[in-house]
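K.L.:
Pasting model_5.txt here (compact mmCIF, C-alpha atoms and all ligand atoms):
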# COMPACT_ATOMS: atom_id res chain seq x y z
CA MET A 1 -25.29 -33.52 24.50
CA PRO A 2 -22.75 -30.72 24.87
CA ASP A 3 -22.02 -28.66 21.76
CA PRO A 4 -19.03 -29.93 19.83
CA VAL A 5 -15.99 -27.82 20.56
CA VAL A 6 -15.45 -25.44 17.67
CA VAL A 7 -11.81 -24.54 17.19
CA ARG A 8 -11.39 -21.18 15.52
CA PRO A 9 -10.00 -20.33 13.17
CA GLU A 10 -10.50 -23.44 11.14
CA LEU A 11 -7.32 -23.98 9.13
CA ILE A 12 -7.44 -26.23 6.06
CA ALA A 13 -4.43 -27.08 3.92
CA ILE A 14 -5.26 -26.89 0.23
CA ASP A 15 -3.21 -27.56 -2.89
CA PRO A 16 -2.41 -24.21 -4.58
CA THR A 17 -2.44 -25.60 -8.11
CA HIS A 18 -5.22 -28.23 -7.86
CA PRO A 19 -7.48 -27.01 -5.03
CA ASP A 20 -9.86 -29.63 -3.63
CA SER A 21 -13.32 -28.66 -4.86
CA SER A 22 -15.10 -29.75 -1.65
CA VAL A 23 -12.87 -27.42 0.39
CA ILE A 24 -13.48 -24.59 -2.07
CA GLN A 25 -17.23 -25.23 -1.85
CA ARG A 26 -17.11 -25.08 1.95
CA ALA A 27 -15.24 -21.75 1.80
CA ALA A 28 -17.69 -20.40 -0.80
CA ASP A 29 -20.66 -21.43 1.38
CA LEU A 30 -19.14 -19.53 4.31
CA ILE A 31 -18.64 -16.43 2.14
CA ARG A 32 -22.26 -16.63 0.98
CA ALA A 33 -23.36 -16.99 4.61
CA GLY A 34 -21.67 -13.70 5.52
CA ARG A 35 -18.59 -15.22 7.20
CA LEU A 36 -14.90 -14.36 6.87
CA VAL A 37 -12.52 -16.56 4.88
CA ALA A 38 -8.79 -15.89 4.54
CA PHE A 39 -7.29 -17.15 1.29
CA PRO A 40 -4.03 -16.85 -0.65
CA THR A 41 -3.69 -14.61 -3.68
CA GLU A 42 -0.62 -14.21 -5.89
CA THR A 43 0.36 -11.15 -3.79
CA VAL A 44 -0.50 -11.71 -0.09
CA TYR A 45 -3.27 -13.48 1.87
CA GLY A 46 -6.63 -11.68 1.78
CA LEU A 47 -9.37 -11.58 4.41
CA GLY A 48 -12.48 -12.13 2.32
CA ALA A 49 -16.17 -11.44 2.75
CA ASN A 50 -19.12 -11.15 0.37
CA ALA A 51 -18.67 -7.65 -1.09
CA LEU A 52 -22.44 -7.31 -1.59
CA ASP A 53 -23.23 -7.94 2.10
CA PRO A 54 -22.71 -4.83 4.29
CA ALA A 55 -22.81 -6.78 7.57
CA ALA A 56 -20.15 -9.20 6.34
CA VAL A 57 -17.99 -6.30 5.18
CA ARG A 58 -18.29 -4.67 8.61
CA ARG A 59 -16.89 -7.89 10.10
CA ILE A 60 -13.70 -7.36 8.07
CA PHE A 61 -13.21 -3.91 9.60
CA ALA A 62 -13.84 -5.27 13.11
CA ALA A 63 -11.46 -8.23 12.65
CA LYS A 64 -8.63 -6.03 11.36
CA GLY A 65 -9.19 -3.03 13.61
CA ARG A 66 -9.26 -1.10 10.34
CA PRO A 67 -10.31 2.56 10.33
CA PRO A 68 -13.73 2.75 8.61
CA ASN A 69 -12.47 5.45 6.22
CA ASN A 70 -10.05 3.02 4.52
CA PRO A 71 -11.84 1.32 1.60
CA LEU A 72 -11.40 -2.32 0.56
CA ILE A 73 -10.33 -3.96 -2.69
CA VAL A 74 -13.07 -5.97 -4.40
CA HIS A 75 -11.92 -9.20 -6.06
CA ALA A 76 -13.81 -10.51 -9.08
CA ALA A 77 -13.67 -13.89 -10.83
CA ASP A 78 -13.03 -12.41 -14.29
CA ILE A 79 -13.32 -9.23 -16.36
CA ASP A 80 -17.07 -9.67 -16.91
CA ALA A 81 -17.72 -9.98 -13.17
CA ALA A 82 -15.55 -6.91 -12.55
CA THR A 83 -17.41 -4.78 -15.09
CA GLU A 84 -20.67 -5.52 -13.24
CA CYS A 85 -19.31 -3.57 -10.26
CA VAL A 86 -18.64 -0.36 -12.22
CA GLN A 87 -20.68 2.31 -14.03
CA ARG A 88 -18.16 2.82 -16.81
CA TRP A 89 -15.45 0.61 -18.24
CA PRO A 90 -13.05 3.06 -19.90
CA ASP A 91 -10.71 2.07 -22.72
CA ALA A 92 -7.76 2.30 -20.34
CA ALA A 93 -9.42 -0.25 -18.02
CA ALA A 94 -10.03 -2.59 -20.94
CA ALA A 95 -6.42 -2.29 -22.10
CA LEU A 96 -4.95 -2.82 -18.63
CA ALA A 97 -7.31 -5.63 -17.65
CA GLY A 98 -6.67 -7.35 -20.97
CA ARG A 99 -2.95 -7.32 -20.31
CA PHE A 100 -2.63 -7.70 -16.51
CA TRP A 101 -5.72 -9.61 -15.33
CA PRO A 102 -5.76 -12.00 -13.72
CA GLY A 103 -2.90 -10.38 -11.85
CA PRO A 104 -1.61 -7.92 -9.26
CA LEU A 105 -3.11 -4.69 -10.63
CA THR A 106 -6.03 -2.96 -8.87
CA LEU A 107 -8.09 -0.41 -10.81
CA VAL A 108 -10.11 2.34 -9.11
CA LEU A 109 -13.31 3.07 -11.08
CA LEU A 110 -16.78 4.56 -10.53
CA LYS A 111 -18.88 2.02 -8.63
CA THR A 112 -22.45 0.88 -9.24
CA HIS A 113 -25.04 1.06 -6.44
CA THR A 114 -24.71 -2.72 -5.90
CA ILE A 115 -21.37 -2.14 -4.13
CA PRO A 116 -22.23 -1.01 -0.58
CA ASP A 117 -20.77 2.15 0.91
CA GLU A 118 -19.16 0.00 3.63
CA VAL A 119 -16.78 -1.43 1.02
CA THR A 120 -15.71 1.91 -0.42
CA ALA A 121 -15.82 3.93 2.81
CA GLY A 122 -18.53 6.11 1.30
CA SER A 123 -16.53 6.85 -1.85
CA PRO A 124 -18.28 6.74 -5.25
CA THR A 125 -15.30 4.73 -6.52
CA VAL A 126 -14.39 1.07 -6.08
CA ALA A 127 -10.98 -0.62 -6.25
CA LEU A 128 -11.18 -3.83 -8.31
CA ARG A 129 -8.92 -6.66 -9.28
CA VAL A 130 -9.03 -10.20 -10.67
CA PRO A 131 -6.46 -12.23 -8.71
CA ALA A 132 -4.21 -14.73 -10.51
CA HIS A 133 -3.97 -17.34 -7.74
CA ARG A 134 -5.81 -20.57 -8.51
CA ILE A 135 -7.34 -20.86 -5.02
CA ALA A 136 -8.65 -17.27 -5.17
CA GLY A 137 -10.02 -17.84 -8.69
CA CYS A 138 -11.81 -21.07 -7.72
CA LEU A 139 -13.25 -19.48 -4.57
CA LEU A 140 -14.58 -16.48 -6.53
CA ALA A 141 -16.15 -18.75 -9.15
CA ALA A 142 -17.77 -21.00 -6.53
CA ALA A 143 -19.04 -18.13 -4.37
CA ASN A 144 -20.42 -16.38 -7.46
CA VAL A 145 -20.24 -12.99 -5.69
CA PRO A 146 -17.45 -10.40 -5.69
CA ILE A 147 -15.25 -10.77 -2.59
CA ALA A 148 -14.00 -7.74 -0.65
CA ALA A 149 -10.58 -8.62 0.74
CA PRO A 150 -7.94 -6.46 2.34
CA SER A 151 -4.69 -8.08 3.39
CA ALA A 152 -5.39 -10.55 6.21
CA ASN A 153 -3.52 -8.77 9.00
CA ARG A 154 -4.26 -6.35 11.84
CA SER A 155 -4.46 -2.83 10.43
CA ALA A 156 -1.12 -1.06 9.74
CA LEU A 157 0.99 -4.19 10.41
CA LEU A 158 2.82 -6.45 7.97
CA SER A 159 0.76 -8.23 5.34
CA PRO A 160 0.69 -12.05 5.58
CA THR A 161 2.45 -14.15 2.95
CA ARG A 162 1.80 -17.45 4.76
CA ALA A 163 -1.21 -18.92 6.56
CA GLU A 164 0.76 -18.91 9.86
CA HIS A 165 1.01 -15.11 9.59
CA VAL A 166 -2.79 -14.90 9.32
CA VAL A 167 -3.29 -17.13 12.36
CA ALA A 168 -0.83 -15.07 14.40
CA SER A 169 -2.33 -11.74 13.35
CA LEU A 170 -6.08 -12.38 13.28
CA GLY A 171 -6.55 -15.68 15.15
CA ASP A 172 -10.16 -16.48 15.95
CA ALA A 173 -11.53 -13.37 14.25
CA VAL A 174 -11.52 -15.44 11.01
CA ASP A 175 -13.93 -18.30 10.37
CA LEU A 176 -11.77 -20.26 7.93
CA ILE A 177 -8.20 -19.96 6.64
CA LEU A 178 -7.31 -21.73 3.41
CA ASP A 179 -3.63 -22.63 3.76
CA GLY A 180 -2.27 -22.71 0.22
CA GLY A 181 1.36 -22.24 1.26
CA PRO A 182 3.50 -19.14 0.69
CA THR A 183 2.10 -16.53 -1.70
CA PRO A 184 4.39 -16.15 -4.73
CA GLY A 185 4.45 -12.37 -5.20
CA GLY A 186 4.93 -11.29 -1.60
CA LEU A 187 3.92 -7.62 -1.98
CA GLU A 188 0.47 -6.07 -2.41
CA SER A 189 -0.99 -5.19 -5.81
CA THR A 190 -0.36 -1.94 -7.66
CA VAL A 191 -3.33 0.44 -7.17
CA LEU A 192 -4.15 2.78 -10.07
CA ASP A 193 -6.93 5.40 -10.03
CA LEU A 194 -8.62 5.58 -13.45
CA THR A 195 -11.23 8.15 -12.36
CA VAL A 196 -8.77 11.04 -12.74
CA THR A 197 -6.88 12.41 -15.73
CA PRO A 198 -4.13 11.45 -16.06
CA PRO A 199 -4.58 8.16 -14.19
CA ARG A 200 -2.83 8.18 -10.86
CA LEU A 201 -0.66 5.61 -9.12
CA LEU A 202 -1.99 5.28 -5.56
CA ARG A 203 0.23 2.40 -4.45
CA PRO A 204 3.25 0.96 -6.28
CA GLY A 205 3.18 -2.83 -6.52
CA LEU A 206 4.24 -5.78 -8.59
CA VAL A 207 3.08 -4.17 -11.86
CA THR A 208 5.42 -1.22 -12.51
CA PRO A 209 4.44 2.30 -13.71
CA GLY A 210 6.49 1.70 -16.86
CA GLU A 211 4.47 -1.39 -17.75
CA ILE A 212 1.25 0.60 -17.25
CA GLU A 213 2.48 3.60 -19.26
CA SER A 214 3.55 1.43 -22.17
CA LEU A 215 -0.14 0.58 -22.61
CA ILE A 216 -2.08 3.73 -21.67
CA GLY A 217 0.43 6.60 -21.80
CA PRO A 218 1.67 8.83 -18.97
CA ILE A 219 0.30 8.43 -15.45
CA GLU A 220 0.70 10.59 -12.36
CA ARG A 221 3.13 8.77 -10.14
CA GLY A 222 2.25 10.61 -6.91
CA SER A 223 4.88 10.97 -4.26
CA HIS A 224 6.33 7.56 -5.07
CA ALA A 225 8.11 8.51 -8.28
CA PRO A 226 11.87 8.25 -8.29
CA ALA A 227 13.02 11.36 -10.17
CA ALA A 228 15.48 11.16 -13.05
CA HIS A 229 18.38 12.25 -10.87
CA GLY A 230 17.77 9.86 -8.00
CA THR A 231 16.10 12.21 -5.53
CA SER A 232 12.45 11.76 -4.65
CA ARG A 233 9.93 14.09 -6.27
CA VAL A 234 7.39 14.94 -3.59
CA ILE A 235 4.02 16.33 -4.55
CA ALA A 236 2.39 18.50 -1.87
CA GLU A 237 -1.13 17.29 -2.58
CA PRO A 238 -2.07 14.25 -0.49
CA LEU A 239 -2.66 10.91 -2.16
CA ARG A 240 -6.32 10.12 -2.68
CA SER A 241 -5.94 6.64 -1.26
CA PRO A 242 -6.93 6.79 2.38
CA GLY A 243 -5.05 3.57 3.01
CA MET A 244 -1.71 5.11 2.24
CA LEU A 245 -1.16 6.12 5.85
CA GLU A 246 2.42 7.05 6.50
CA ARG A 247 3.28 4.17 8.81
CA HIS A 248 1.99 0.96 7.34
CA TYR A 249 3.23 -2.48 6.39
CA ALA A 250 5.32 -2.32 9.55
CA PRO A 251 6.97 -5.00 11.68
CA ARG A 252 6.85 -4.62 15.47
CA ALA A 253 10.61 -4.00 15.59
CA VAL A 254 11.94 -0.55 14.69
CA LEU A 255 13.20 -0.64 11.09
CA GLU A 256 15.96 1.50 9.57
CA THR A 257 17.11 1.57 5.94
CA LEU A 258 20.70 2.59 5.24
CA SER A 259 22.36 3.11 1.88
CA ALA A 260 25.83 2.73 3.39
CA GLY A 261 27.43 1.55 6.61
CA SER A 262 24.81 -0.99 7.61
CA ALA A 263 27.46 -3.42 8.94
CA GLU A 264 28.85 -0.72 11.27
CA ARG A 265 25.34 0.19 12.43
CA VAL A 266 24.56 -3.46 13.19
CA ALA A 267 27.82 -3.79 15.15
CA ALA A 268 27.21 -0.58 17.14
CA LEU A 269 23.65 -1.56 18.10
CA THR A 270 24.80 -5.04 19.10
CA ARG A 271 27.48 -3.56 21.36
CA GLN A 272 24.71 -1.59 23.09
CA GLY A 273 22.97 -4.89 23.86
CA CYS A 274 20.25 -4.48 21.25
CA ARG A 275 18.80 -7.57 19.53
CA VAL A 276 19.36 -6.79 15.86
CA GLY A 277 18.12 -8.20 12.55
CA TRP A 278 19.99 -7.38 9.34
CA LEU A 279 18.79 -7.56 5.74
CA THR A 280 21.86 -7.41 3.55
CA PHE A 281 22.74 -8.33 -0.02
CA ASP A 282 26.14 -9.89 0.66
CA ALA A 283 27.29 -12.36 3.27
CA PRO A 284 29.30 -10.35 5.84
CA THR A 285 33.08 -10.51 5.46
CA GLU A 286 33.81 -9.46 9.06
CA GLU A 287 32.82 -11.41 12.11
CA ILE A 288 29.30 -10.60 13.29
CA ALA A 289 27.97 -11.29 16.80
CA SER A 290 26.08 -14.58 16.89
CA SER A 291 23.02 -12.80 18.35
CA VAL A 292 22.46 -10.92 15.06
CA ARG A 293 19.83 -12.46 12.80
CA ILE A 294 21.09 -12.11 9.25
CA ALA A 295 19.01 -12.47 6.08
CA ILE A 296 21.05 -12.48 2.86
CA MET A 297 18.55 -11.00 0.41
CA PRO A 298 18.36 -11.67 -3.35
CA ARG A 299 19.65 -9.03 -5.80
CA ASP A 300 16.67 -9.75 -8.02
CA ALA A 301 13.67 -7.52 -7.14
CA THR A 302 11.03 -10.18 -7.82
CA ALA A 303 12.78 -12.71 -5.58
CA TYR A 304 13.38 -10.03 -2.92
CA ALA A 305 9.68 -9.04 -2.92
CA SER A 306 8.53 -12.62 -2.51
CA GLN A 307 10.70 -13.06 0.62
CA LEU A 308 10.59 -9.64 2.29
CA TYR A 309 7.52 -9.94 4.53
CA ALA A 310 8.31 -13.53 5.55
CA VAL A 311 11.79 -12.40 6.62
CA LEU A 312 10.37 -9.47 8.62
CA HIS A 313 7.71 -11.70 10.24
CA ALA A 314 10.44 -14.19 11.24
CA MET A 315 12.53 -11.40 12.78
CA ASP A 316 9.55 -10.18 14.80
CA ASP A 317 8.87 -13.74 15.97
CA ALA A 318 12.51 -14.07 17.06
CA GLY A 319 12.13 -11.01 19.31
CA VAL A 320 14.41 -8.73 17.28
CA GLU A 321 14.22 -5.12 18.50
CA ARG A 322 15.79 -3.34 15.50
CA ILE A 323 15.91 -4.29 11.86
CA ILE A 324 18.65 -2.74 9.74
CA VAL A 325 18.01 -2.93 6.00
CA GLU A 326 20.57 -2.30 3.29
CA GLN A 327 18.77 0.08 0.90
CA PRO A 328 17.87 -1.58 -2.45
CA PRO A 329 18.71 0.17 -5.77
CA ASP A 330 16.77 3.25 -6.86
CA ASP A 331 15.21 1.93 -10.03
CA GLU A 332 11.70 1.09 -11.06
CA ALA A 333 11.87 -2.66 -10.45
CA TRP A 334 12.49 -1.84 -6.76
CA LEU A 335 9.86 0.93 -6.45
CA ALA A 336 7.27 -1.08 -4.48
CA ILE A 337 9.92 -2.62 -2.22
CA ARG A 338 11.42 0.79 -1.41
CA ASP A 339 7.92 2.18 -0.80
CA ARG A 340 7.09 -0.57 1.73
CA LEU A 341 10.47 -0.22 3.45
CA LYS A 342 9.94 3.54 3.74
CA ARG A 343 6.50 3.04 5.28
CA ALA A 344 7.77 0.34 7.64
CA ALA A 345 10.50 2.71 8.84
CA LYS A 346 8.13 5.52 9.87
CA ASN A 347 7.84 5.86 13.67
O1 LIG B 1 -2.53 -7.40 -3.26
C1 LIG B 1 -3.49 -6.83 -2.74
O2 LIG B 1 -3.97 -5.78 -3.19
C2 LIG B 1 -4.09 -7.48 -1.48
C3 LIG B 1 -4.74 -8.80 -1.89
C4 LIG B 1 -5.45 -9.46 -0.74
O3 LIG B 1 -5.59 -8.59 -2.98
N1 LIG B 1 -5.05 -6.59 -0.86
C5 LIG B 1 -4.68 -5.46 -0.22
O4 LIG B 1 -5.73 -4.77 0.34
O5 LIG B 1 -3.53 -5.10 -0.12
P1 LIG B 1 -5.57 -3.60 1.41
O6 LIG B 1 -6.95 -3.34 1.91
O7 LIG B 1 -4.58 -4.01 2.44
O8 LIG B 1 -5.12 -2.39 0.56
C6 LIG B 1 -6.04 -1.77 -0.31
C7 LIG B 1 -5.52 -0.44 -0.76
C8 LIG B 1 -5.53 0.56 0.36
O9 LIG B 1 -4.39 1.39 0.25
C9 LIG B 1 -6.83 1.33 0.10
O10 LIG B 1 -6.84 2.63 0.65
C10 LIG B 1 -6.85 1.36 -1.41
O11 LIG B 1 -6.38 0.08 -1.79
N2 LIG B 1 -8.22 1.54 -1.91
C11 LIG B 1 -9.25 0.70 -1.81
N3 LIG B 1 -10.37 1.22 -2.36
C12 LIG B 1 -10.04 2.44 -2.83
C13 LIG B 1 -10.75 3.48 -3.50
N4 LIG B 1 -12.05 3.36 -3.80
N5 LIG B 1 -10.07 4.59 -3.83
C14 LIG B 1 -8.77 4.72 -3.55
N6 LIG B 1 -8.03 3.77 -2.91
C15 LIG B 1 -8.66 2.64 -2.55
MG MG B 2 -3.23 -4.06 3.94
Please lay out the structure from this file as structure tokens.
Ligand code: TXA
Ligand code: MG
P.N.:
Amino acid sequence: MPDPVVVRPELIAIDPTHPDSSVIQRAADLIRAGRLVAFPTETVYGLGANALDPAAVRRIFAAKGRPPNNPLIVHAADIDAATECVQRWPDAAAALAGRFWPGPLTLVLLKTHTIPDEVTAGSPTVALRVPAHRIAGCLLAAANVPIAAPSANRSALLSPTRAEHVVASLGDAVDLILDGGPTPGGLESTVLDLTVTPPRLLRPGLVTPGEIESLIGPIERGSHAPAAHGTSRVIAEPLRSPGMLERHYAPRAVLETLSAGSAERVAALTRQGCRVGWLTFDAPTEEIASSVRIAIMPRDATAYASQLYAVLHAMDDAGVERIIVEQPPDDEAWLAIRDRLKRAAKN
């Protein structure tokens, strides 16, 4: 008998609030067998593998085309499981985990020898978080191993906020995709290094520096900090997060952010025959060429974050060549959004 035709990736729809336990068990079995499973978290979709299995972790790097010097985030089922991955659990970790886990905060701590060098790119530290999404939580509990999971996209491109984005980006490099619908947060977790004094923000995310500082005191905000007078404070020293490559989180189209005159820019590019996408806060008052793809974005940062990547993915899919973005406000609620827009705009 011929082998049954295996269609990869296998895509299974699963309820995000009451996940079917037989589907979760199947995904957990694959993880334990060293395979790759993409699953939703409260931030973006992750591409998961058993964090304790070096060969499985190497498959993540191959599937993403990720440089081997860029370490992965390890996801744990709960605080106890997370503490098993680290040598020390400082007071600051306890305070932050107690307040923000499960949730979109990743803590960098000194790893134990059980976490393979493949996960941390040879670093003695490991980035850890307990995700708040029900599907991720159930998968971690069923697999009963920590799961290494970067965002489920080709390296340096946009993170996926829907299962379709994972299919389009990684296709048959994944064994199973759990389709739990759109991810609520829409931007990647905040990454905070607790192995340095003061703790250092490596990537702004859905948890803001202010929320962190209200619990553990001042942190180093790296080159992301908006200064008091609105200009960016740039620190010469490079960030210690190898993943913070300049161009990252980028759509295929060229992206520009403008604090003023975005309507004029859109009109000028359209006159030149360019296919333009436009992210603006207000519906245009003047007539705009019908070829322009317009996204009227929310004025609320949380709502904006949850839509941003899906809007950019849709513009790429529509064959837009340039994306013009009206610059969001310069305050802390918008820090992660402005960071991702800045990285997406790098050529
Ligand atoms: O929201 C998220 O964090 C998503 C979901 C799937 O959890 N994951 C995610 O992973 O965004 P990834 O691999 O795309 O980004 C991980 C970031 C990178 O910037 C990486 O360099 C940094 O975390 N990182 C990982 N381990 C590190 C370590 N030991 N030291 C410093 N930075 C680390
Ligand atoms: Mg990523």
K.L.:
At a cut-off of 12 Å, using all atoms listed in the file, what residues contact Asp15 of chain A? Leave out same-chain residues fewer than 4 positions from it and give the result as a ChimeraX atom specification.
P.N.:
/A:19-21,23-24,39-40,133-136,138,178-182
K.L.:
Neighbouring residues of ligand LIG 1 (chain B) are defined here as those with any atom at most 7 Å from a ligand atom, counting only C-alpha atoms and all ligand atoms; list them as a short mmCIF file (atom, residue, chain, number, x, y, z; two decimals) with C-alpha atoms, in the frame of the given file.
P.N.:
data_model
loop_
_atom_site.label_atom_id
_atom_site.label_comp_id
_atom_site.auth_asym_id
_atom_site.auth_seq_id
_atom_site.Cartn_x
_atom_site.Cartn_y
_atom_site.Cartn_z
CA THR A 41 -3.69 -14.61 -3.68
CA THR A 43 0.36 -11.15 -3.79
CA VAL A 44 -0.50 -11.71 -0.09
CA TYR A 45 -3.27 -13.48 1.87
CA GLY A 46 -6.63 -11.68 1.78
CA LEU A 47 -9.37 -11.58 4.41
CA ASN A 70 -10.05 3.02 4.52
CA PRO A 71 -11.84 1.32 1.60
CA LEU A 72 -11.40 -2.32 0.56
CA ILE A 73 -10.33 -3.96 -2.69
CA PRO A 104 -1.61 -7.92 -9.26
CA THR A 106 -6.03 -2.96 -8.87
CA VAL A 108 -10.11 2.34 -9.11
CA THR A 120 -15.71 1.91 -0.42
CA SER A 123 -16.53 6.85 -1.85
CA THR A 125 -15.30 4.73 -6.52
CA VAL A 126 -14.39 1.07 -6.08
CA ALA A 127 -10.98 -0.62 -6.25
CA PRO A 131 -6.46 -12.23 -8.71
CA ALA A 149 -10.58 -8.62 0.74
CA PRO A 150 -7.94 -6.46 2.34
CA SER A 151 -4.69 -8.08 3.39
CA LEU A 187 3.92 -7.62 -1.98
CA GLU A 188 0.47 -6.07 -2.41
CA SER A 189 -0.99 -5.19 -5.81
CA THR A 190 -0.36 -1.94 -7.66
CA VAL A 191 -3.33 0.44 -7.17
CA ASP A 193 -6.93 5.40 -10.03
CA LEU A 202 -1.99 5.28 -5.56
CA ARG A 203 0.23 2.40 -4.45
CA ARG A 240 -6.32 10.12 -2.68
CA SER A 241 -5.94 6.64 -1.26
CA PRO A 242 -6.93 6.79 2.38
CA GLY A 243 -5.05 3.57 3.01
CA MET A 244 -1.71 5.11 2.24
#
K.L.:
Rank A:Ile60, A:Ala121, A:Ala92, A:Ile294 by their smallest atom-to-atom distance to ligand MG 2 (chain B), using all atoms listed in the file, and report the top residue only.
P.N.:
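Once distances to ligand MG 2 (chain B) are computed over all atoms listed in the file, the minimum belongs to A:Ile60.
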K.L.:
List as a VMD selection string the protein and nucleic acid residues near Pro329 of chain A, meaning an atom at most 9 Å away when only C-alpha atoms are counted, but skip any in the same chain fewer than 5 places from it.
P.N.:
chain A and resid 259 334 to 335 338
K.L.:
For each of A:Ala303, A:Ala283, A:Leu157, A:Ile216, take the minimum atom-to-atom distance to ligand MG 2 (chain B), counting only C-alpha atoms and all ligand atoms, then give the residue where this is smallest.
P.N.:
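Distance minimum relative to ligand MG 2 (chain B) lands on A:Leu157.
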K.L.:
Please report, as AutoDock Vina command-line options, the centre and edge lengths in Å to one decimal of an axis-aligned box covering all listed atoms of segment 298-310 of chain A with 4 Å per side.
P.N.:
--center_x 13.6 --center_y -10.5 --center_z -1.2 --size_x 20.1 --size_y 14.0 --size_z 21.6
K.L.:
List as a ChimeraX atom specification the protein and nucleic acid residues near Trp101 of chain A, meaning an atom at most 12 Å away when all atoms listed in the file are counted, but skip any in the same chain fewer than 2 places from it.
P.N.:
/A:42,75-80,82,93-99,103-107,128-133,137,189,207
